[in-house]
Amino acid sequence: MNAIKAANDSWVLITGASSGFGEEFARHYAAQGHSLVLVARRLDRLEALSSALRQQHHVNVVVEQVDLSAVAAVIALHQRLTERGIIIDVLINNAGHGLQGPFLDATLDAAQAMVQLDIASLTAVTHVFAQDMRNRGRGKILLVASVLAYLGMENFAVYSAAKAYVLRLGEALHREFKPYGITVAALCPGMSDTGFAAAAKQHITPGLKLLMMQPAPVVRAGIRALESGRQSVVPGWANKAIAFFVWATPRWLHQAVFSRIMNA
Ligand SMILES: NC(=O)c1ccc[n+]([C@@H]2O[C@H](COP(=O)([O-])OP(=O)(O)OC[C@H]3O[C@@H](n4cnc5c(N)ncnc54)[C@H](OP(=O)(O)O)[C@@H]3O)[C@@H](O)[C@H]2O)c1
């Protein structure tokens, strides 16, 4: 780990770094010379990414194969990093997954797994790493929510409710952590071209195809929000228009419109 001297002497921890936004966050921070801790379950993908980043950017990369669906695994991860003297300055709380389909057709286990990862584990990761940040009087935390946080979406009931939790947690901690010198922001992406849709068994409708964003501009918007001290950001003009439409119209109207876009 100490063999390589990072140009930028601070550690960034990225959950869900094995694909999609997480991988893009890793590329971005490595290009800036940060040392990285990459967390996910698929070790082969993490290892491949870490050797590419070490080679390209000469940065420290620590790979942690962790199934974040158990809170005990989050605490063990924090302990391992502390024992190695790795203190996290920037936390990208990104791991998450969705599942499309009628609430009652999914097993209770599948619904619970989503709640466990998208809510319980995200809360635990934030809690343990923010303690260290408070002790040092500095730190940055980005929570990856979704534009679905703005509305209850049929056939995405648990996921949209979970992401509403993430957005509200971010908004609350944004104010609460300010006196500690910790910046918190929530990123609310819309449909994006990552591994998400396949993992969520999501049907890509023509409407969603039109809205599809690439991971890079989404990640840049999140990092800009975090750097400029914004509370939350919706990336892309089309997603911003969606958020505005939800804010400006009655629930029955925007829910009916988005139900067509998401499920047609
Ligand atoms: N893409 C979209 O349309 C979209 C829109 C709004 C919000 N989001 C949010 O963006 C975040 C990132 O998703 P993505 O779009 O980049 O999808 P993705 O490509 O499927 O990435 C999800 C990441 O989460 C990791 N992960 C899943 N379950 C995990 C577990 N139990 N333990 C540890 N890591 C786990 C996956 O790694 P392993 O499988 O290797 O563990 C993967 O690295 C999620 O929170 C998602 O809800 C996505």
# chains A, B, ... in the order shown; residues from 1 in each chain; ligands from 1
$ residues_around --residues "His203 in chain A" --least-positions-apart "6" --cutoff "12 Å" --atoms "only C-alpha atoms" --output "count of residues only"
13
$ residues_near_ligand --ligand "ligand 1" --cutoff "8 Å" --atoms "only C-alpha atoms and all ligand atoms" --output "NGL selection string"
:A and (15-23 or 39-43 or 45-46 or 65-70 or 93-98 or 117-118 or 144-148 or 159 or 163 or 188-199 or 212 or 215)
$ write_last_selection --atoms "N, CA and C atoms" --output "short mmCIF file (atom, residue, chain, number, x, y, z; two decimals), in the first residue's frame"
data_model
loop_
_atom_site.label_atom_id
_atom_site.label_comp_id
_atom_site.auth_asym_id
_atom_site.auth_seq_id
_atom_site.Cartn_x
_atom_site.Cartn_y
_atom_site.Cartn_z
N THR A 15 -18.44 2.81 -2.37
CA THR A 15 -19.17 1.54 -2.30
C THR A 15 -19.82 1.29 -3.67
N GLY A 16 -19.92 0.02 -4.03
CA GLY A 16 -20.48 -0.31 -5.35
C GLY A 16 -19.55 0.14 -6.46
N ALA A 17 -18.23 -0.12 -6.25
CA ALA A 17 -17.23 0.38 -7.21
C ALA A 17 -16.98 -0.60 -8.36
N SER A 18 -17.67 -1.74 -8.38
CA SER A 18 -17.36 -2.74 -9.40
C SER A 18 -18.05 -2.49 -10.74
N SER A 19 -18.96 -1.50 -10.79
CA SER A 19 -19.58 -1.19 -12.08
C SER A 19 -20.27 0.17 -12.02
N GLY A 20 -20.80 0.59 -13.16
CA GLY A 20 -21.66 1.77 -13.24
C GLY A 20 -21.07 3.05 -12.64
N PHE A 21 -21.88 3.75 -11.86
CA PHE A 21 -21.44 5.03 -11.29
C PHE A 21 -20.19 4.85 -10.41
N GLY A 22 -20.19 3.76 -9.61
CA GLY A 22 -19.09 3.54 -8.67
C GLY A 22 -17.76 3.46 -9.40
N GLU A 23 -17.75 2.72 -10.51
CA GLU A 23 -16.53 2.60 -11.31
C GLU A 23 -16.12 3.97 -11.86
N VAL A 39 -15.10 -0.87 -2.81
CA VAL A 39 -15.90 -1.88 -2.11
C VAL A 39 -17.02 -2.41 -3.01
N ALA A 40 -17.15 -3.73 -3.06
CA ALA A 40 -18.28 -4.39 -3.75
C ALA A 40 -18.12 -5.89 -3.51
N ARG A 41 -18.99 -6.69 -4.14
CA ARG A 41 -18.88 -8.15 -3.96
C ARG A 41 -18.02 -8.80 -5.04
N ARG A 42 -18.05 -8.28 -6.28
CA ARG A 42 -17.38 -8.97 -7.39
C ARG A 42 -15.89 -8.62 -7.41
N LEU A 43 -15.10 -9.52 -6.80
CA LEU A 43 -13.68 -9.26 -6.61
C LEU A 43 -12.93 -9.12 -7.93
N ARG A 45 -13.83 -7.95 -10.77
CA ARG A 45 -14.04 -6.62 -11.38
C ARG A 45 -13.29 -5.55 -10.59
N LEU A 46 -13.30 -5.66 -9.26
CA LEU A 46 -12.59 -4.68 -8.43
C LEU A 46 -11.08 -4.76 -8.70
N GLN A 65 -13.52 -6.77 -0.78
CA GLN A 65 -14.68 -7.56 -1.22
C GLN A 65 -15.63 -7.70 -0.02
N VAL A 66 -16.73 -6.97 -0.07
CA VAL A 66 -17.66 -6.96 1.06
C VAL A 66 -19.09 -7.05 0.53
N ASP A 67 -19.87 -7.92 1.14
CA ASP A 67 -21.32 -7.91 0.88
C ASP A 67 -21.93 -6.96 1.89
N LEU A 68 -22.31 -5.78 1.42
CA LEU A 68 -22.76 -4.72 2.32
C LEU A 68 -24.16 -4.97 2.86
N SER A 69 -24.79 -6.08 2.44
CA SER A 69 -26.16 -6.26 2.93
C SER A 69 -26.20 -6.63 4.42
N ALA A 70 -25.05 -6.93 5.02
CA ALA A 70 -25.03 -7.17 6.47
C ALA A 70 -24.34 -5.99 7.15
N ASN A 93 -21.23 6.99 -1.06
CA ASN A 93 -22.15 5.94 -0.60
C ASN A 93 -23.09 5.61 -1.76
N ASN A 94 -22.63 4.69 -2.59
CA ASN A 94 -23.25 4.52 -3.91
C ASN A 94 -23.90 3.15 -4.11
N ALA A 95 -23.42 2.11 -3.41
CA ALA A 95 -23.96 0.75 -3.66
C ALA A 95 -25.46 0.74 -3.43
N GLY A 96 -26.16 0.07 -4.30
CA GLY A 96 -27.61 -0.01 -4.14
C GLY A 96 -28.16 -0.85 -5.24
N HIS A 97 -29.38 -1.36 -5.04
CA HIS A 97 -30.00 -2.02 -6.17
C HIS A 97 -31.52 -1.91 -6.10
N GLY A 98 -32.14 -2.06 -7.26
CA GLY A 98 -33.59 -1.93 -7.36
C GLY A 98 -34.20 -3.23 -7.86
N LEU A 117 -29.83 -3.21 1.94
CA LEU A 117 -28.70 -2.57 1.25
C LEU A 117 -28.94 -1.07 1.08
N ASP A 118 -30.11 -0.72 0.55
CA ASP A 118 -30.34 0.69 0.15
C ASP A 118 -30.59 1.59 1.35
N VAL A 144 -25.95 8.43 -2.89
CA VAL A 144 -26.58 8.27 -4.20
C VAL A 144 -28.03 7.84 -4.00
N ALA A 145 -28.95 8.76 -4.29
CA ALA A 145 -30.39 8.47 -4.20
C ALA A 145 -30.88 8.18 -5.62
N SER A 146 -31.95 8.82 -6.03
CA SER A 146 -32.51 8.61 -7.37
C SER A 146 -33.58 9.68 -7.60
N VAL A 147 -33.87 9.95 -8.86
CA VAL A 147 -34.97 10.88 -9.15
C VAL A 147 -36.30 10.25 -8.68
N LEU A 148 -36.30 8.91 -8.52
CA LEU A 148 -37.52 8.25 -8.00
C LEU A 148 -37.75 8.57 -6.52
N TYR A 159 -38.17 0.31 -3.85
CA TYR A 159 -37.00 1.06 -4.31
C TYR A 159 -37.24 2.57 -4.21
N LYS A 163 -35.21 5.16 -1.79
CA LYS A 163 -34.43 6.31 -2.28
C LYS A 163 -34.96 7.62 -1.69
N CYS A 188 -29.26 12.59 -7.25
CA CYS A 188 -30.52 11.94 -7.66
C CYS A 188 -30.54 11.68 -9.16
N PRO A 189 -29.87 10.61 -9.62
CA PRO A 189 -29.85 10.35 -11.05
C PRO A 189 -31.19 9.82 -11.55
N GLY A 190 -31.41 10.01 -12.85
CA GLY A 190 -32.51 9.34 -13.53
C GLY A 190 -31.94 8.13 -14.24
N MET A 191 -32.69 7.61 -15.20
CA MET A 191 -32.27 6.40 -15.93
C MET A 191 -30.88 6.60 -16.53
N SER A 192 -29.98 5.69 -16.19
CA SER A 192 -28.59 5.82 -16.67
C SER A 192 -28.08 4.47 -17.14
N ASP A 193 -27.10 4.54 -18.02
CA ASP A 193 -26.59 3.36 -18.69
C ASP A 193 -25.52 2.67 -17.84
N THR A 194 -25.98 1.90 -16.84
CA THR A 194 -25.07 1.16 -15.94
C THR A 194 -25.59 -0.27 -15.86
N GLY A 195 -25.10 -1.02 -14.88
CA GLY A 195 -25.60 -2.38 -14.70
C GLY A 195 -26.93 -2.42 -13.95
N PHE A 196 -27.44 -1.24 -13.59
CA PHE A 196 -28.63 -1.17 -12.72
C PHE A 196 -29.84 -1.88 -13.33
N ALA A 197 -30.17 -1.55 -14.60
CA ALA A 197 -31.40 -2.06 -15.21
C ALA A 197 -31.40 -3.59 -15.25
N ALA A 198 -30.24 -4.18 -15.60
CA ALA A 198 -30.17 -5.65 -15.65
C ALA A 198 -30.36 -6.23 -14.27
N ALA A 199 -29.70 -5.64 -13.26
CA ALA A 199 -29.81 -6.17 -11.90
C ALA A 199 -31.23 -6.01 -11.37
N MET A 212 -32.16 8.23 -21.08
CA MET A 212 -30.93 7.55 -20.63
C MET A 212 -29.71 8.48 -20.63
N PRO A 215 -22.91 7.34 -17.43
CA PRO A 215 -22.49 7.53 -16.04
C PRO A 215 -21.59 8.77 -15.82
#
$ atom_distance --atom1 "CA of His57 in chain A" --atom2 "CA of Tyr29 in chain A"
9.8 Å
$ select_by_dssp --residues "range 37-232 of chain A" --states "strand (DSSP E or B)" --output "VMD selection string"
chain A and resid 37 to 40 61 to 65 88 to 93 139 to 144 182 to 187 192 213 232
$ write_last_selection --atoms "C-alpha atoms" --output "PDB file, in the first residue's frame"
ATOM      1  CA  VAL A  37     -10.822   2.059  -1.201  1.00  0.00           C
ATOM      2  CA  LEU A  38     -13.054   0.155  -3.626  1.00  0.00           C
ATOM      3  CA  VAL A  39     -15.896  -1.883  -2.112  1.00  0.00           C
ATOM      4  CA  ALA A  40     -18.276  -4.389  -3.749  1.00  0.00           C
ATOM      5  CA  VAL A  61      -5.922   1.371  -4.336  1.00  0.00           C
ATOM      6  CA  VAL A  62      -7.242  -0.956  -1.650  1.00  0.00           C
ATOM      7  CA  VAL A  63      -9.805  -3.524  -2.746  1.00  0.00           C
ATOM      8  CA  GLU A  64     -12.379  -4.720  -0.216  1.00  0.00           C
ATOM      9  CA  GLN A  65     -14.680  -7.558  -1.220  1.00  0.00           C
ATOM     10  CA  ILE A  88     -11.530   8.188   4.842  1.00  0.00           C
ATOM     11  CA  ASP A  89     -11.833  11.823   3.731  1.00  0.00           C
ATOM     12  CA  VAL A  90     -14.455  11.354   1.015  1.00  0.00           C
ATOM     13  CA  LEU A  91     -17.221   8.750   1.222  1.00  0.00           C
ATOM     14  CA  ILE A  92     -19.192   7.913  -1.904  1.00  0.00           C
ATOM     15  CA  ASN A  93     -22.151   5.940  -0.596  1.00  0.00           C
ATOM     16  CA  GLY A 139     -14.957  15.181   5.440  1.00  0.00           C
ATOM     17  CA  LYS A 140     -17.272  14.822   2.474  1.00  0.00           C
ATOM     18  CA  ILE A 141     -20.140  12.404   1.970  1.00  0.00           C
ATOM     19  CA  LEU A 142     -22.128  11.839  -1.209  1.00  0.00           C
ATOM     20  CA  LEU A 143     -25.298   9.737  -0.941  1.00  0.00           C
ATOM     21  CA  VAL A 144     -26.577   8.272  -4.197  1.00  0.00           C
ATOM     22  CA  ILE A 182     -18.520  17.646   7.032  1.00  0.00           C
ATOM     23  CA  THR A 183     -20.179  18.332   3.678  1.00  0.00           C
ATOM     24  CA  VAL A 184     -23.105  16.086   2.715  1.00  0.00           C
ATOM     25  CA  ALA A 185     -24.849  16.021  -0.661  1.00  0.00           C
ATOM     26  CA  ALA A 186     -27.386  13.700  -2.302  1.00  0.00           C
ATOM     27  CA  LEU A 187     -27.189  12.773  -5.984  1.00  0.00           C
ATOM     28  CA  SER A 192     -28.595   5.819 -16.665  1.00  0.00           C
ATOM     29  CA  MET A 213     -27.720   9.285 -19.426  1.00  0.00           C
ATOM     30  CA  SER A 232     -28.685  17.724  -3.535  1.00  0.00           C
TER      31      SER A 232
END
$ residues_around --residues "Phe244 in chain A" --least-positions-apart "3" --cutoff "12 Å" --atoms "only C-alpha atoms" --output "list in words"
Val147, Tyr150, Leu151, Val234, Trp237, Ala238, Asn239, Lys240, Ala241, Trp247, Ala248, Thr249, Pro250 and His254 of chain A
$ select_by_dssp --residues "range 41-216 of chain A" --states "alpha helix (DSSP H)" --output "PyMOL selection string"
chain A and resi 43-57+71-83+108-115+122-136+157-176+196-199+206-211+215-216
$ closest_residue --among "A:Arg27, A:Ile86, A:Gly33, A:Ser160" --to "Ser50 in chain A" --atoms "only C-alpha atoms"
A:Arg27
